[in-house]
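Below is one structure, written out as structure tokens; the observations come after it.
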Amino acid sequence: MKLFHRKAKEPSTFLYDEEELNQYEQYIMEQFGEYQQVFHEVVSPDIHLDIIIVPPTEKNNYYQLITMGMGAYPMNVPEELKNKNLERAELVLYLPPTWNISSAKEEDYWPIRQLKTIARLPIYNHTWLGYGHTISSDEENSCYASNTKFCSMMLVTALNRDNQPLDLKMDHLGKINFYQLFPLYPEELEYKMAHGADSLLDLFDEEALLGVVDCDRKNFCA
């Protein structure tokens, strides 16, 4: 499944309630670590989408960015997958410790922009996102910014410290699935479309599979 950004008609508003927010924040601290910084959204026409910033640590020497709010919206999952608990999702993205996390320059901001844009894609396109889905920057697969040749994001299962899929279940909403945004070059995107997500990931080495954004990483399909 390949998608690109396209805004459709506006939906209603979907929000976590106070109890759900508390449960979510506690889960993030348990699974990712303590945090103080959150990019709060000012205008929320559909969901209220914040981004939690877990700072680098000695053990995990990279920023962990996690959306908070996407899962309040039940995605339009195909009928044949209705029993798989795939309706709700949140996104994860990793940045190196040297990344200028507070910069508004597009060379620094594009990963955050992708989190925000992709989180709303299921709402605007009345669709869903899941493992192996790819979202292109646009119909031409343009580079995200001048400092990278990445042009798309692939969703892979986000894992916890025990290398198991993150598994948050809320009483009234059900399961929240977590997907990591994995940036791809045009050639990697083409390979994935032809052979599938698993076959593409088999080409990557162990360091690349961690998925920390590296604008100069090896192109495994060059």
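Naming works like this for the structure tokens: A, B, ... for the chains as they're shown, residue 1 at the start of each chain, ligands 1 onward in shown order.
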query: If we count only C-alpha atoms, what is near Thr57 of chain A at a cut-off of 12 Å, once residues fewer than 2 positions away on the same chain are taken out, given as a PyMOL selection string?
result: chain A and resi 32-35+54-55+59-64+96-97
Go ahead and write the residues just picked, N, CA, C and O atoms, as a PDB file, in the first residue's frame.
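Output file out_7.pdb follows:
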```pdb
ATOM      1  N   PHE A  32       9.348   3.926  27.153  1.00  0.00           N
ATOM      2  CA  PHE A  32      10.361   4.720  26.462  1.00  0.00           C
ATOM      3  C   PHE A  32      11.282   5.471  27.411  1.00  0.00           C
ATOM      4  O   PHE A  32      12.420   5.768  27.054  1.00  0.00           O
ATOM      5  N   GLY A  33      10.795   5.837  28.592  1.00  0.00           N
ATOM      6  CA  GLY A  33      11.609   6.580  29.544  1.00  0.00           C
ATOM      7  C   GLY A  33      10.965   7.898  29.945  1.00  0.00           C
ATOM      8  O   GLY A  33       9.942   8.319  29.403  1.00  0.00           O
ATOM      9  N   GLU A  34      11.585   8.539  30.924  1.00  0.00           N
ATOM     10  CA  GLU A  34      11.084   9.810  31.440  1.00  0.00           C
ATOM     11  C   GLU A  34      11.256  10.914  30.390  1.00  0.00           C
ATOM     12  O   GLU A  34      12.198  10.902  29.600  1.00  0.00           O
ATOM     13  N   TYR A  35      10.355  11.867  30.428  1.00  0.00           N
ATOM     14  CA  TYR A  35      10.450  12.998  29.506  1.00  0.00           C
ATOM     15  C   TYR A  35       9.890  14.254  30.160  1.00  0.00           C
ATOM     16  O   TYR A  35       9.064  14.190  31.072  1.00  0.00           O
ATOM     17  N   VAL A  54      11.299  12.090  24.175  1.00  0.00           N
ATOM     18  CA  VAL A  54      12.109  11.407  25.182  1.00  0.00           C
ATOM     19  C   VAL A  54      13.574  11.654  24.827  1.00  0.00           C
ATOM     20  O   VAL A  54      14.013  11.279  23.739  1.00  0.00           O
ATOM     21  N   PRO A  55      14.345  12.294  25.707  1.00  0.00           N
ATOM     22  CA  PRO A  55      15.723  12.678  25.367  1.00  0.00           C
ATOM     23  C   PRO A  55      16.664  11.482  25.305  1.00  0.00           C
ATOM     24  O   PRO A  55      16.364  10.409  25.851  1.00  0.00           O
ATOM     25  N   LYS A  59      21.889   4.558  27.575  1.00  0.00           N
ATOM     26  CA  LYS A  59      21.477   3.284  26.978  1.00  0.00           C
ATOM     27  C   LYS A  59      20.871   3.482  25.595  1.00  0.00           C
ATOM     28  O   LYS A  59      21.167   2.719  24.670  1.00  0.00           O
ATOM     29  N   ASN A  60      20.021   4.478  25.461  1.00  0.00           N
ATOM     30  CA  ASN A  60      19.381   4.777  24.173  1.00  0.00           C
ATOM     31  C   ASN A  60      19.834   6.173  23.739  1.00  0.00           C
ATOM     32  O   ASN A  60      19.170   7.172  24.052  1.00  0.00           O
ATOM     33  N   ASN A  61      20.958   6.219  23.031  1.00  0.00           N
ATOM     34  CA  ASN A  61      21.564   7.503  22.703  1.00  0.00           C
ATOM     35  C   ASN A  61      20.939   8.118  21.446  1.00  0.00           C
ATOM     36  O   ASN A  61      21.602   8.305  20.421  1.00  0.00           O
ATOM     37  N   TYR A  62      19.652   8.373  21.523  1.00  0.00           N
ATOM     38  CA  TYR A  62      18.921   9.020  20.438  1.00  0.00           C
ATOM     39  C   TYR A  62      17.606   9.559  20.999  1.00  0.00           C
ATOM     40  O   TYR A  62      17.121   9.110  22.039  1.00  0.00           O
ATOM     41  N   TYR A  63      17.064  10.558  20.307  1.00  0.00           N
ATOM     42  CA  TYR A  63      15.746  11.089  20.670  1.00  0.00           C
ATOM     43  C   TYR A  63      14.672  10.087  20.254  1.00  0.00           C
ATOM     44  O   TYR A  63      14.729   9.517  19.167  1.00  0.00           O
ATOM     45  N   GLN A  64      13.684   9.925  21.130  1.00  0.00           N
ATOM     46  CA  GLN A  64      12.520   9.115  20.795  1.00  0.00           C
ATOM     47  C   GLN A  64      11.305  10.052  20.742  1.00  0.00           C
ATOM     48  O   GLN A  64      10.952  10.661  21.740  1.00  0.00           O
ATOM     49  N   PRO A  96      18.931  11.182  15.884  1.00  0.00           N
ATOM     50  CA  PRO A  96      20.234  11.106  16.558  1.00  0.00           C
ATOM     51  C   PRO A  96      20.368  12.188  17.624  1.00  0.00           C
ATOM     52  O   PRO A  96      19.680  13.215  17.576  1.00  0.00           O
ATOM     53  N   PRO A  97      21.270  11.989  18.593  1.00  0.00           N
ATOM     54  CA  PRO A  97      21.408  12.944  19.706  1.00  0.00           C
ATOM     55  C   PRO A  97      21.888  14.314  19.272  1.00  0.00           C
ATOM     56  O   PRO A  97      21.702  15.293  20.002  1.00  0.00           O
TER      57      PRO A  97
END
```
- request: Write down as a ChimeraX atom specification the residues belonging to segment 2-202 of chain A that are assigned strand (DSSP E or B) by DSSP computed on the backbone.
  value: /A:2-4,14,37-39,47,50-54,63-68,89-95,134-136,152-157,159,165,168-170,174-184
message: Which residues are near Lys218 of chain A? Cut-off 9 Å, only C-alpha atoms, ignore same chain within fewer than 4 positions. Put them as JSON, numbers by chain.
response: {"A": [208, 214, 222]}
task: Excluding Leu93 of chain A and residues on its chain fewer than 6 positions from it, collect all residues at most 12 Å away from it, counting only C-alpha atoms, and give them as a count of residues only.
output: 37
Point-to-point distance from atom CA of Glu90 of chain A to atom CA of Ala119 of chain A, Å rounded to tenths: 7.5 Å
